[in-house]
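entry.cif (mmCIF, C-alpha atoms and all ligand atoms)
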data_entry
#
loop_
_atom_site.group_PDB
_atom_site.id
_atom_site.type_symbol
_atom_site.label_atom_id
_atom_site.label_comp_id
_atom_site.auth_asym_id
_atom_site.auth_seq_id
_atom_site.Cartn_x
_atom_site.Cartn_y
_atom_site.Cartn_z
ATOM 1 C CA MET A 1 126.261 89.455 111.769
ATOM 2 C CA THR A 2 126.114 92.782 113.662
ATOM 3 C CA LYS A 3 123.634 92.559 116.499
ATOM 4 C CA THR A 4 121.249 95.390 117.313
ATOM 5 C CA PRO A 5 120.726 96.448 120.961
ATOM 6 C CA GLU A 6 117.265 94.837 120.797
ATOM 7 C CA THR A 7 118.678 91.432 119.801
ATOM 8 C CA ASN A 8 121.003 91.565 122.829
ATOM 9 C CA ILE A 9 118.040 92.222 125.091
ATOM 10 C CA VAL A 10 115.539 89.783 123.635
ATOM 11 C CA PHE A 11 117.926 86.861 123.019
ATOM 12 C CA GLY A 12 120.368 87.694 125.822
ATOM 13 C CA PRO A 13 123.977 88.815 125.356
ATOM 14 C CA GLN A 14 125.338 85.270 124.784
ATOM 15 C CA PRO A 15 122.721 83.302 122.814
ATOM 16 C CA LYS A 16 123.533 79.605 122.369
ATOM 17 C CA PHE A 17 122.228 79.494 118.802
ATOM 18 C CA GLU A 18 123.145 81.165 115.568
ATOM 19 C CA MET A 19 121.676 84.669 115.397
ATOM 20 C CA PRO A 20 118.927 84.839 112.742
ATOM 21 C CA GLU A 21 119.247 87.202 109.801
ATOM 22 C CA HIS A 22 117.962 90.605 110.832
ATOM 23 C CA THR A 23 117.928 94.288 109.925
ATOM 24 C CA GLY A 24 117.645 97.212 112.281
ATOM 25 C CA GLY A 25 118.432 100.737 113.290
ATOM 26 C CA ASP A 26 118.054 102.996 116.263
ATOM 27 C CA GLY A 27 115.407 101.315 118.455
ATOM 28 C CA TRP A 28 114.143 98.738 115.966
ATOM 29 C CA THR A 29 114.918 95.291 114.600
ATOM 30 C CA ILE A 30 113.182 93.011 112.109
ATOM 31 C CA LEU A 31 114.153 89.326 112.288
ATOM 32 C CA TYR A 32 113.804 86.966 109.338
ATOM 33 C CA GLY A 33 112.217 83.638 110.210
ATOM 34 C CA ASP A 34 109.348 81.758 111.778
ATOM 35 C CA CYS A 35 107.984 83.630 114.779
ATOM 36 C CA LEU A 36 107.266 80.576 116.892
ATOM 37 C CA ARG A 37 110.776 79.194 116.414
ATOM 38 C CA LEU A 38 112.410 82.570 117.138
ATOM 39 C CA MET A 39 110.179 83.496 120.054
ATOM 40 C CA ARG A 40 111.088 80.185 121.729
ATOM 41 C CA GLN A 41 114.710 81.427 121.820
ATOM 42 C CA MET A 42 113.833 84.758 123.471
ATOM 43 C CA GLN A 43 114.135 85.653 127.144
ATOM 44 C CA ASP A 44 111.250 85.978 129.607
ATOM 45 C CA GLY A 45 109.673 89.384 130.286
ATOM 46 C CA VAL A 46 111.453 91.480 127.648
ATOM 47 C CA PHE A 47 108.422 93.126 125.965
ATOM 48 C CA ASP A 48 105.985 95.788 127.156
ATOM 49 C CA ALA A 49 103.326 95.069 124.499
ATOM 50 C CA VAL A 50 102.432 92.791 121.588
ATOM 51 C CA ILE A 51 100.757 94.510 118.646
ATOM 52 C CA THR A 52 100.249 92.414 115.562
ATOM 53 C CA ASP A 53 98.255 91.532 112.481
ATOM 54 C CA PRO A 54 98.631 87.764 111.962
ATOM 55 C CA PRO A 55 97.609 85.862 108.834
ATOM 56 C CA TYR A 56 93.825 85.520 109.150
ATOM 57 C CA ALA A 57 93.576 82.256 107.143
ATOM 58 C CA SER A 58 90.185 83.611 106.145
ATOM 59 C CA GLY A 59 88.823 84.825 102.805
ATOM 60 C CA GLY A 60 86.056 82.238 102.474
ATOM 61 C CA SER A 61 84.084 79.503 104.154
ATOM 62 C CA THR A 62 85.067 76.383 102.230
ATOM 63 C CA PRO A 63 88.524 74.713 102.078
ATOM 64 C CA ALA A 64 88.699 75.547 98.357
ATOM 65 C CA GLU A 65 88.123 79.240 99.086
ATOM 66 C CA LYS A 66 90.456 79.392 102.064
ATOM 67 C CA THR A 67 93.390 77.672 100.351
ATOM 68 C CA ARG A 68 93.566 80.172 97.498
ATOM 69 C CA SER A 69 96.685 82.373 97.353
ATOM 70 C CA THR A 70 96.694 85.522 99.450
ATOM 71 C CA ASN A 71 96.519 87.622 96.278
ATOM 72 C CA GLN A 72 93.465 85.728 95.074
ATOM 73 C CA LYS A 73 91.787 86.137 98.453
ATOM 74 C CA TYR A 74 92.687 89.659 99.488
ATOM 75 C CA SER A 75 93.708 91.668 96.433
ATOM 76 C CA SER A 76 91.952 92.996 93.385
ATOM 77 C CA MET A 77 95.203 93.941 91.620
ATOM 78 C CA SER A 78 95.744 92.541 88.140
ATOM 79 C CA PRO A 79 98.224 89.606 88.032
ATOM 80 C CA ASP A 80 100.935 91.749 86.384
ATOM 81 C CA LYS A 81 100.815 94.179 89.337
ATOM 82 C CA ALA A 82 100.359 91.524 92.052
ATOM 83 C CA LEU A 83 102.407 91.834 95.235
ATOM 84 C CA PRO A 84 104.160 88.757 96.679
ATOM 85 C CA ASP A 85 101.971 86.181 98.378
ATOM 86 C CA PHE A 86 102.597 85.652 102.073
ATOM 87 C CA ALA A 87 102.991 82.637 104.370
ATOM 88 C CA GLY A 88 100.658 81.123 106.938
ATOM 89 C CA ASP A 89 97.283 81.923 105.408
ATOM 90 C CA GLN A 90 96.150 78.525 104.106
ATOM 91 C CA MET A 91 95.622 76.651 107.395
ATOM 92 C CA ASP A 92 92.322 74.996 108.170
ATOM 93 C CA GLN A 93 90.368 76.200 111.169
ATOM 94 C CA ARG A 94 91.738 73.809 113.780
ATOM 95 C CA SER A 95 95.358 74.250 112.715
ATOM 96 C CA TRP A 96 95.032 78.026 112.648
ATOM 97 C CA THR A 97 93.518 78.180 116.139
ATOM 98 C CA ASN A 98 96.244 75.844 117.448
ATOM 99 C CA PHE A 99 98.950 77.961 115.830
ATOM 100 C CA MET A 100 97.469 81.153 117.301
ATOM 101 C CA THR A 101 97.402 79.505 120.737
ATOM 102 C CA ASP A 102 101.016 78.315 120.424
ATOM 103 C CA TRP A 103 102.546 81.674 119.541
ATOM 104 C CA LEU A 104 100.276 83.525 121.987
ATOM 105 C CA ASN A 105 101.588 81.235 124.730
ATOM 106 C CA GLU A 106 105.138 82.202 123.867
ATOM 107 C CA ALA A 107 104.195 85.879 123.626
ATOM 108 C CA TYR A 108 102.764 85.664 127.132
ATOM 109 C CA ARG A 109 106.067 84.366 128.501
ATOM 110 C CA LEU A 110 108.003 87.112 126.690
ATOM 111 C CA CYS A 111 105.898 89.951 128.115
ATOM 112 C CA LYS A 112 106.109 91.799 131.417
ATOM 113 C CA PRO A 113 103.106 91.581 133.787
ATOM 114 C CA GLY A 114 100.472 94.134 132.772
ATOM 115 C CA ALA A 115 101.577 94.169 129.114
ATOM 116 C CA PRO A 116 98.754 94.891 126.640
ATOM 117 C CA ILE A 117 98.176 92.824 123.505
ATOM 118 C CA CYS A 118 96.341 93.884 120.316
ATOM 119 C CA LEU A 119 95.443 91.385 117.587
ATOM 120 C CA PHE A 120 93.933 92.394 114.247
ATOM 121 C CA ILE A 121 91.306 90.024 112.896
ATOM 122 C CA ASP A 122 88.264 89.882 110.600
ATOM 123 C CA TRP A 123 84.685 88.903 111.444
ATOM 124 C CA ARG A 124 85.105 85.251 110.412
ATOM 125 C CA GLN A 125 88.029 84.527 112.708
ATOM 126 C CA LEU A 126 86.980 86.762 115.586
ATOM 127 C CA PRO A 127 85.504 83.958 117.773
ATOM 128 C CA SER A 128 88.542 81.681 117.272
ATOM 129 C CA MET A 129 90.918 84.524 118.047
ATOM 130 C CA THR A 130 89.261 85.376 121.362
ATOM 131 C CA ASP A 131 89.379 81.634 122.228
ATOM 132 C CA ALA A 132 93.090 81.374 121.392
ATOM 133 C CA LEU A 133 93.906 84.533 123.349
ATOM 134 C CA GLN A 134 92.278 83.271 126.511
ATOM 135 C CA ARG A 135 93.466 79.688 126.112
ATOM 136 C CA SER A 136 97.045 80.959 126.148
ATOM 137 C CA GLY A 137 96.602 82.752 129.473
ATOM 138 C CA TRP A 138 95.885 86.352 128.440
ATOM 139 C CA ILE A 139 92.968 88.303 129.893
ATOM 140 C CA TRP A 140 90.602 89.290 127.062
ATOM 141 C CA ARG A 141 89.519 92.891 127.697
ATOM 142 C CA GLY A 142 87.621 93.969 124.620
ATOM 143 C CA ILE A 143 87.346 94.576 120.901
ATOM 144 C CA ALA A 144 88.189 97.855 119.203
ATOM 145 C CA VAL A 145 86.994 98.550 115.673
ATOM 146 C CA TRP A 146 88.958 99.589 112.626
ATOM 147 C CA ASP A 147 86.432 101.322 110.375
ATOM 148 C CA LYS A 148 87.943 101.141 106.888
ATOM 149 C CA ALA A 149 85.552 103.876 105.698
ATOM 150 C CA THR A 150 85.417 102.516 102.163
ATOM 151 C CA CYS A 151 84.953 98.977 100.900
ATOM 152 C CA ARG A 152 83.095 96.967 98.273
ATOM 153 C CA PRO A 153 79.306 97.514 98.438
ATOM 154 C CA GLN A 154 77.188 94.335 98.651
ATOM 155 C CA LYS A 155 73.620 94.376 97.358
ATOM 156 C CA GLY A 156 71.113 93.470 100.064
ATOM 157 C CA ARG A 157 73.861 93.014 102.670
ATOM 158 C CA PHE A 158 75.803 95.041 105.189
ATOM 159 C CA ARG A 159 79.191 96.130 103.921
ATOM 160 C CA GLN A 160 82.146 94.354 105.531
ATOM 161 C CA GLN A 161 83.470 97.775 106.447
ATOM 162 C CA ALA A 162 85.305 96.911 109.649
ATOM 163 C CA GLU A 163 88.094 94.766 110.958
ATOM 164 C CA PHE A 164 88.630 94.242 114.645
ATOM 165 C CA ILE A 165 91.346 94.621 117.229
ATOM 166 C CA VAL A 166 90.995 91.990 119.917
ATOM 167 C CA TRP A 167 92.836 93.308 122.929
ATOM 168 C CA GLY A 168 93.777 92.187 126.388
ATOM 169 C CA SER A 169 96.597 92.034 128.880
ATOM 170 C CA LYS A 170 98.992 89.754 130.674
ATOM 171 C CA GLU A 171 97.492 89.692 134.175
ATOM 172 C CA ALA A 172 96.083 92.909 135.699
ATOM 173 C CA MET A 173 96.303 96.178 133.780
ATOM 174 C CA PRO A 174 96.595 98.891 136.464
ATOM 175 C CA LEU A 175 94.647 102.120 135.831
ATOM 176 C CA GLN A 176 97.681 104.151 136.924
ATOM 177 C CA ARG A 177 99.601 103.045 133.806
ATOM 178 C CA ASN A 178 100.959 106.109 132.037
ATOM 179 C CA VAL A 179 98.454 105.863 129.155
ATOM 180 C CA GLY A 180 95.502 108.187 128.584
ATOM 181 C CA CYS A 181 91.947 107.435 127.406
ATOM 182 C CA LEU A 182 92.001 105.788 123.983
ATOM 183 C CA PRO A 183 89.167 105.582 121.445
ATOM 184 C CA GLY A 184 87.394 102.302 120.630
ATOM 185 C CA VAL A 185 86.797 103.016 116.941
ATOM 186 C CA PHE A 186 89.535 104.015 114.497
ATOM 187 C CA ARG A 187 88.590 105.392 111.088
ATOM 188 C CA HIS A 188 91.399 105.146 108.552
ATOM 189 C CA THR A 189 91.314 104.140 104.903
ATOM 190 C CA ASN A 190 93.580 101.430 103.497
ATOM 191 C CA PRO A 191 96.980 102.723 102.364
ATOM 192 C CA ALA A 192 96.960 103.988 98.788
ATOM 193 C CA ASN A 193 100.278 102.568 97.546
ATOM 194 C CA ARG A 194 100.609 99.266 99.319
ATOM 195 C CA ILE A 195 103.746 97.138 99.213
ATOM 196 C CA HIS A 196 102.071 94.263 101.134
ATOM 197 C CA VAL A 197 98.844 92.504 100.154
ATOM 198 C CA THR A 198 97.225 93.227 103.528
ATOM 199 C CA GLU A 199 99.232 96.241 104.670
ATOM 200 C CA LYS A 200 97.670 98.285 107.475
ATOM 201 C CA SER A 201 97.600 102.052 107.365
ATOM 202 C CA LEU A 202 100.447 103.787 109.153
ATOM 203 C CA PRO A 203 98.201 106.403 110.851
ATOM 204 C CA LEU A 204 96.031 103.535 112.153
ATOM 205 C CA MET A 205 99.044 101.777 113.635
ATOM 206 C CA ARG A 206 100.332 105.026 115.145
ATOM 207 C CA ASP A 207 97.014 105.225 116.997
ATOM 208 C CA ILE A 208 97.066 101.585 118.111
ATOM 209 C CA VAL A 209 100.614 101.571 119.542
ATOM 210 C CA GLN A 210 99.483 104.211 122.057
ATOM 211 C CA ILE A 211 98.165 101.354 124.240
ATOM 212 C CA CYS A 212 101.780 100.697 125.260
ATOM 213 C CA GLU A 213 103.325 102.787 128.019
ATOM 214 C CA PRO A 214 105.648 105.509 126.660
ATOM 215 C CA GLY A 215 109.044 104.285 125.538
ATOM 216 C CA GLY A 216 108.104 100.587 125.904
ATOM 217 C CA ARG A 217 109.355 97.733 123.723
ATOM 218 C CA ILE A 218 106.736 96.362 121.308
ATOM 219 C CA LEU A 219 106.774 92.946 119.612
ATOM 220 C CA ASP A 220 105.140 92.317 116.222
ATOM 221 C CA PRO A 221 105.649 88.622 115.336
ATOM 222 C CA PHE A 222 103.954 89.049 111.912
ATOM 223 C CA ALA A 223 105.660 92.196 110.683
ATOM 224 C CA GLY A 224 104.769 92.093 106.960
ATOM 225 C CA ALA A 225 105.715 95.458 105.460
ATOM 226 C CA GLY A 226 106.876 96.694 108.869
ATOM 227 C CA THR A 227 103.959 99.054 109.507
ATOM 228 C CA THR A 228 103.794 98.380 113.260
ATOM 229 C CA ILE A 229 107.555 98.753 113.545
ATOM 230 C CA LEU A 230 107.596 102.081 111.703
ATOM 231 C CA ALA A 231 104.595 103.373 113.652
ATOM 232 C CA ALA A 232 106.152 102.331 116.963
ATOM 233 C CA VAL A 233 109.492 103.998 116.310
ATOM 234 C CA ARG A 234 107.751 107.158 115.055
ATOM 235 C CA GLU A 235 105.826 107.258 118.343
ATOM 236 C CA GLY A 236 108.939 106.865 120.482
ATOM 237 C CA TYR A 237 108.813 103.135 121.240
ATOM 238 C CA GLU A 238 111.327 100.368 120.634
ATOM 239 C CA ALA A 239 110.118 97.651 118.296
ATOM 240 C CA VAL A 240 111.030 94.110 117.295
ATOM 241 C CA GLY A 241 109.365 92.489 114.291
ATOM 242 C CA ILE A 242 109.552 88.977 112.861
ATOM 243 C CA GLU A 243 108.708 88.101 109.268
ATOM 244 C CA LYS A 244 108.743 84.689 107.610
ATOM 245 C CA THR A 245 108.147 85.520 103.931
ATOM 246 C CA ALA A 246 111.513 86.404 102.401
ATOM 247 C CA ALA A 247 110.096 89.020 100.017
ATOM 248 C CA TYR A 248 108.310 90.846 102.843
ATOM 249 C CA TYR A 249 111.247 90.601 105.214
ATOM 250 C CA LYS A 250 113.249 92.481 102.582
ATOM 251 C CA LEU A 251 110.486 94.923 101.551
ATOM 252 C CA GLY A 252 109.506 95.687 105.148
ATOM 253 C CA SER A 253 113.068 96.117 106.419
ATOM 254 C CA ASP A 254 113.933 98.435 103.533
ATOM 255 C CA ARG A 255 110.750 100.408 103.975
ATOM 256 C CA VAL A 256 111.376 101.044 107.681
ATOM 257 C CA LYS A 257 115.037 101.822 107.138
ATOM 258 C CA PHE A 258 114.486 104.274 104.286
ATOM 259 C CA ALA A 259 111.490 105.959 105.915
ATOM 260 C CA LEU A 260 113.355 106.538 109.170
ATOM 261 C CA GLU A 261 116.531 107.660 107.421
ATOM 262 C CA ALA A 262 114.544 110.097 105.309
ATOM 263 C CA GLY A 263 112.581 111.280 108.354
ATOM 264 C CA LYS A 264 109.393 110.634 106.432
ATOM 265 C CA ILE A 265 105.996 110.126 108.038
ATOM 266 C CA SER A 266 104.899 107.336 105.640
HETATM 267 C C1 LIG B 301 98.575 90.084 107.693
HETATM 268 S S1 LIG B 301 100.256 90.165 107.285
HETATM 269 C C2 LIG B 301 100.871 91.539 108.235
HETATM 270 C C3 LIG B 301 100.801 92.828 107.461
HETATM 271 C C4 LIG B 301 101.370 93.998 108.252
HETATM 272 N N1 LIG B 301 100.512 94.380 109.353
HETATM 273 C C5 LIG B 301 101.608 95.212 107.372
HETATM 274 O O1 LIG B 301 101.045 96.285 107.627
HETATM 275 O O2 LIG B 301 102.329 95.068 106.391
HETATM 276 C C6 LIG B 301 100.894 88.793 108.155
HETATM 277 C C7 LIG B 301 102.373 88.539 107.897
HETATM 278 O O3 LIG B 301 102.810 87.469 108.745
HETATM 279 C C8 LIG B 301 103.786 86.711 108.047
HETATM 280 N N2 LIG B 301 103.843 85.382 108.663
HETATM 281 C C9 LIG B 301 102.987 84.342 108.485
HETATM 282 N N3 LIG B 301 103.325 83.299 109.250
HETATM 283 C C10 LIG B 301 104.437 83.678 109.946
HETATM 284 C C11 LIG B 301 105.251 83.040 110.920
HETATM 285 N N4 LIG B 301 105.002 81.788 111.330
HETATM 286 N N5 LIG B 301 106.289 83.742 111.442
HETATM 287 C C12 LIG B 301 106.540 85.016 111.046
HETATM 288 N N6 LIG B 301 105.807 85.674 110.106
HETATM 289 C C13 LIG B 301 104.763 85.011 109.577
HETATM 290 C C14 LIG B 301 103.312 86.697 106.611
HETATM 291 O O4 LIG B 301 104.376 86.435 105.729
HETATM 292 C C15 LIG B 301 102.720 88.100 106.470
HETATM 293 O O5 LIG B 301 103.627 89.005 105.891
#

Can the structure in the file be given as structure tokens, please?
Ligand SMILES: C[S@@+](CC[C@H](N)C(=O)[O-])C[C@H]1O[C@@H](n2cnc3c(N)ncnc32)[C@H](O)[C@@H]1O
Amino acid sequence: MTKTPETNIVFGPQPKFEMPEHTGGDGWTILYGDCLRLMRQMQDGVFDAVITDPPYASGGSTPAEKTRSTNQKYSSMSPDKALPDFAGDQMDQRSWTNFMTDWLNEAYRLCKPGAPICLFIDWRQLPSMTDALQRSGWIWRGIAVWDKATCRPQKGRFRQQAEFIVWGSKEAMPLQRNVGCLPGVFRHTNPANRIHVTEKSLPLMRDIVQICEPGGRILDPFAGAGTTILAAVREGYEAVGIEKTAAYYKLGSDRVKFALEAGKIS
């Protein structure tokens, strides 16, 4: 399999294991497989930031609600139009928090000192996510808000109009980093023609990647439809994604490839 420049850097020029299936182009690579297994093969200190949207394993309070398929939990599309379900979203609370801690530990090792991390999450899993982040050695620095602008109204209740970006850094985050002042609230609607059940908006991700110093290498271990990867490359970064669900590895890789080849914005 042809290796991309990023695979040489992140796995080293002479890896002692078989290279995983991957797709890539100028400055980007998406690897097919389990992020924890693949990250364990990567070299220390090769990333400048981690920006990701992991499976939330949310969508309810009871085991019966949480173990529904991702389409049942997160999509209102009719079954004939349903997008593929994705992996990793049916764990119970303890398993999910342990899994978050495990991959965050590896991510810490893979990052350079000072690297920022951004983790998307909903209100239910917010406390467990900030626990997992800190338990794996990262400094928790705050929570930014993604205001989705529109969402289902709920009689007598506040709308669940926001998701959150838990962010932090590996060790100190010097003020003299070459990054300007960033907002704490991002208002972007969900993408209109999604190819992933929980796809993030590209303009939102183009805003979020700005936390990384210019030209840095960003890791997204839960790449889905490749939105972070596309946003990162569009903004002049290098990007490495990992995706475990075969259908989304293919959809995401094709999306990034065709969008970049066509020079499109979305
Ligand atoms: C919330 S979605 C990410 C959506 C993405 N931000 C986008 O805009 O399309 C999480 C993704 O992580 C993938 N995933 C779950 N567990 C994984 C694992 N252990 N390793 C790699 N990918 C995984 C799922 O298949 C899913 O596509």

Nearby residues (all atoms listed in the file) at most 6 Å from stretch 225-237 of chain A, same-chain spacing under 3 positions excluded, as a list in words: His196, Leu202, Met205, Arg206, Gly215, Gly216, Arg217, Tyr248, Gly252 and Val256 of chain A

File of the preceding selection, C-alpha atoms, as a compact mmCIF listing (two decimals), in the frame of the given file:
# COMPACT_ATOMS: atom_id res chain seq x y z
CA HIS A 196 102.07 94.26 101.13
CA LEU A 202 100.45 103.79 109.15
CA MET A 205 99.04 101.78 113.64
CA ARG A 206 100.33 105.03 115.14
CA GLY A 215 109.04 104.28 125.54
CA GLY A 216 108.10 100.59 125.90
CA ARG A 217 109.36 97.73 123.72
CA TYR A 248 108.31 90.85 102.84
CA GLY A 252 109.51 95.69 105.15
CA VAL A 256 111.38 101.04 107.68

Residues within 8 Å of ligand LIG 301 (chain B), counting all atoms listed in the file, as a ChimeraX atom specification: /A:32-36,52-56,85-89,195-202,221-228,242-246,248-249,252

Pick from A:Gln176, A:Ala239, A:Ser58, A:Thr23 nearest to A:Met129, counting all atoms listed in the file: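 That would be A:Ser58, the residue with the smallest distance to A:Met129.
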
Carefully work through the PyMOL selection byres (((chain A and resi 178-190) around 7) and not hetatm) for this structure and note down the residues it includes, as a short mmCIF file (atom, residue, chain, number, x, y, z; two decimals) with C-alpha atoms, in the frame of the given file.
data_model
loop_
_atom_site.label_atom_id
_atom_site.label_comp_id
_atom_site.auth_asym_id
_atom_site.auth_seq_id
_atom_site.Cartn_x
_atom_site.Cartn_y
_atom_site.Cartn_z
CA ALA A 144 88.19 97.86 119.20
CA VAL A 145 86.99 98.55 115.67
CA TRP A 146 88.96 99.59 112.63
CA ASP A 147 86.43 101.32 110.38
CA LYS A 148 87.94 101.14 106.89
CA ALA A 149 85.55 103.88 105.70
CA THR A 150 85.42 102.52 102.16
CA GLN A 176 97.68 104.15 136.92
CA ARG A 177 99.60 103.04 133.81
CA PRO A 191 96.98 102.72 102.36
CA ALA A 192 96.96 103.99 98.79
CA LYS A 200 97.67 98.28 107.48
CA SER A 201 97.60 102.05 107.36
CA LEU A 204 96.03 103.54 112.15
CA ILE A 211 98.16 101.35 124.24
CA GLU A 213 103.32 102.79 128.02
#

Resolved residues for the PyMOL selection byres (((chain A and resi 101) around 10) and not hetatm) as a list of chain:residue names: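 Output from the PyMOL selection byres (((chain A and resi 101) around 10) and not hetatm), applied to this file: A:Ser95, A:Trp96, A:Thr97, A:Asn98, A:Phe99, A:Met100, A:Asp102, A:Trp103, A:Leu104, A:Asn105, A:Glu106, A:Ala107, A:Ser128, A:Met129, A:Asp131, A:Ala132, A:Leu133, A:Gln134, A:Arg135, A:Ser136, A:Gly137.
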
Distance in Å - atom CA of A:Ile9 versus atom CA of A:Gln43: 7.9 Å

Proximity to A:Ala57 - best of A:Glu261, A:Glu171, A:Asp92, A:Glu238, all atoms listed in the file: A:Asp92

For atom CA of A:Val50 and atom CA of A:Gln72, the interatomic separation in Å (one decimal):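 Separation of atom CA of A:Val50 and atom CA of A:Gln72: 28.9 Å.
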
Atomic separation - atom CA of A:Pro174 relative to atom CA of A:Ala162, Å: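 Answer for the atom CA of A:Ala162 to atom CA of A:Pro174 separation: 29.2 Å.
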
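Checking A:Asp122, A:Val10, A:Arg109, A:Ile51 one by one against A:Ile208, counting all atoms listed in the file, you find the shortest gap at A:Ile51.
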
Target residues per the PyMOL selection byres (((chain A and resi 3) around 10) and not hetatm), formatted as JSON, numbers by chain: {"A": [1, 2, 4, 5, 6, 7, 8, 13, 19, 20, 21, 22, 23, 24, 29]}

Near-A:Ile117 list (8 Å; all atoms listed in the file; drop same-chain fewer than 3 positions) as a list in words: Ala49, Val50, Ile51, Trp167, Gly168, Ser169 and Lys170 of chain A

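The shortest atom-to-atom distance to A:Ala82, with all atoms listed in the file taken into account, belongs to A:Arg194 out of A:Arg194, A:Ser61, A:Gly142, A:Phe17.
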
Polymer residues at most 7 Å from (90.1, 82.5, 101.8) by all atoms listed in the file, as JSON, numbers by chain: {"A": [57, 58, 59, 60, 65, 66, 67, 68, 73]}

Those residues with C-alpha atoms, as an mmCIF file, in the coordinates of the input please?
data_model
loop_
_atom_site.group_PDB
_atom_site.id
_atom_site.type_symbol
_atom_site.label_atom_id
_atom_site.label_comp_id
_atom_site.auth_asym_id
_atom_site.auth_seq_id
_atom_site.Cartn_x
_atom_site.Cartn_y
_atom_site.Cartn_z
ATOM 1 C CA ALA A 57 93.576 82.256 107.143
ATOM 2 C CA SER A 58 90.185 83.611 106.145
ATOM 3 C CA GLY A 59 88.823 84.825 102.805
ATOM 4 C CA GLY A 60 86.056 82.238 102.474
ATOM 5 C CA GLU A 65 88.123 79.240 99.086
ATOM 6 C CA LYS A 66 90.456 79.392 102.064
ATOM 7 C CA THR A 67 93.390 77.672 100.351
ATOM 8 C CA ARG A 68 93.566 80.172 97.498
ATOM 9 C CA LYS A 73 91.787 86.137 98.453
#
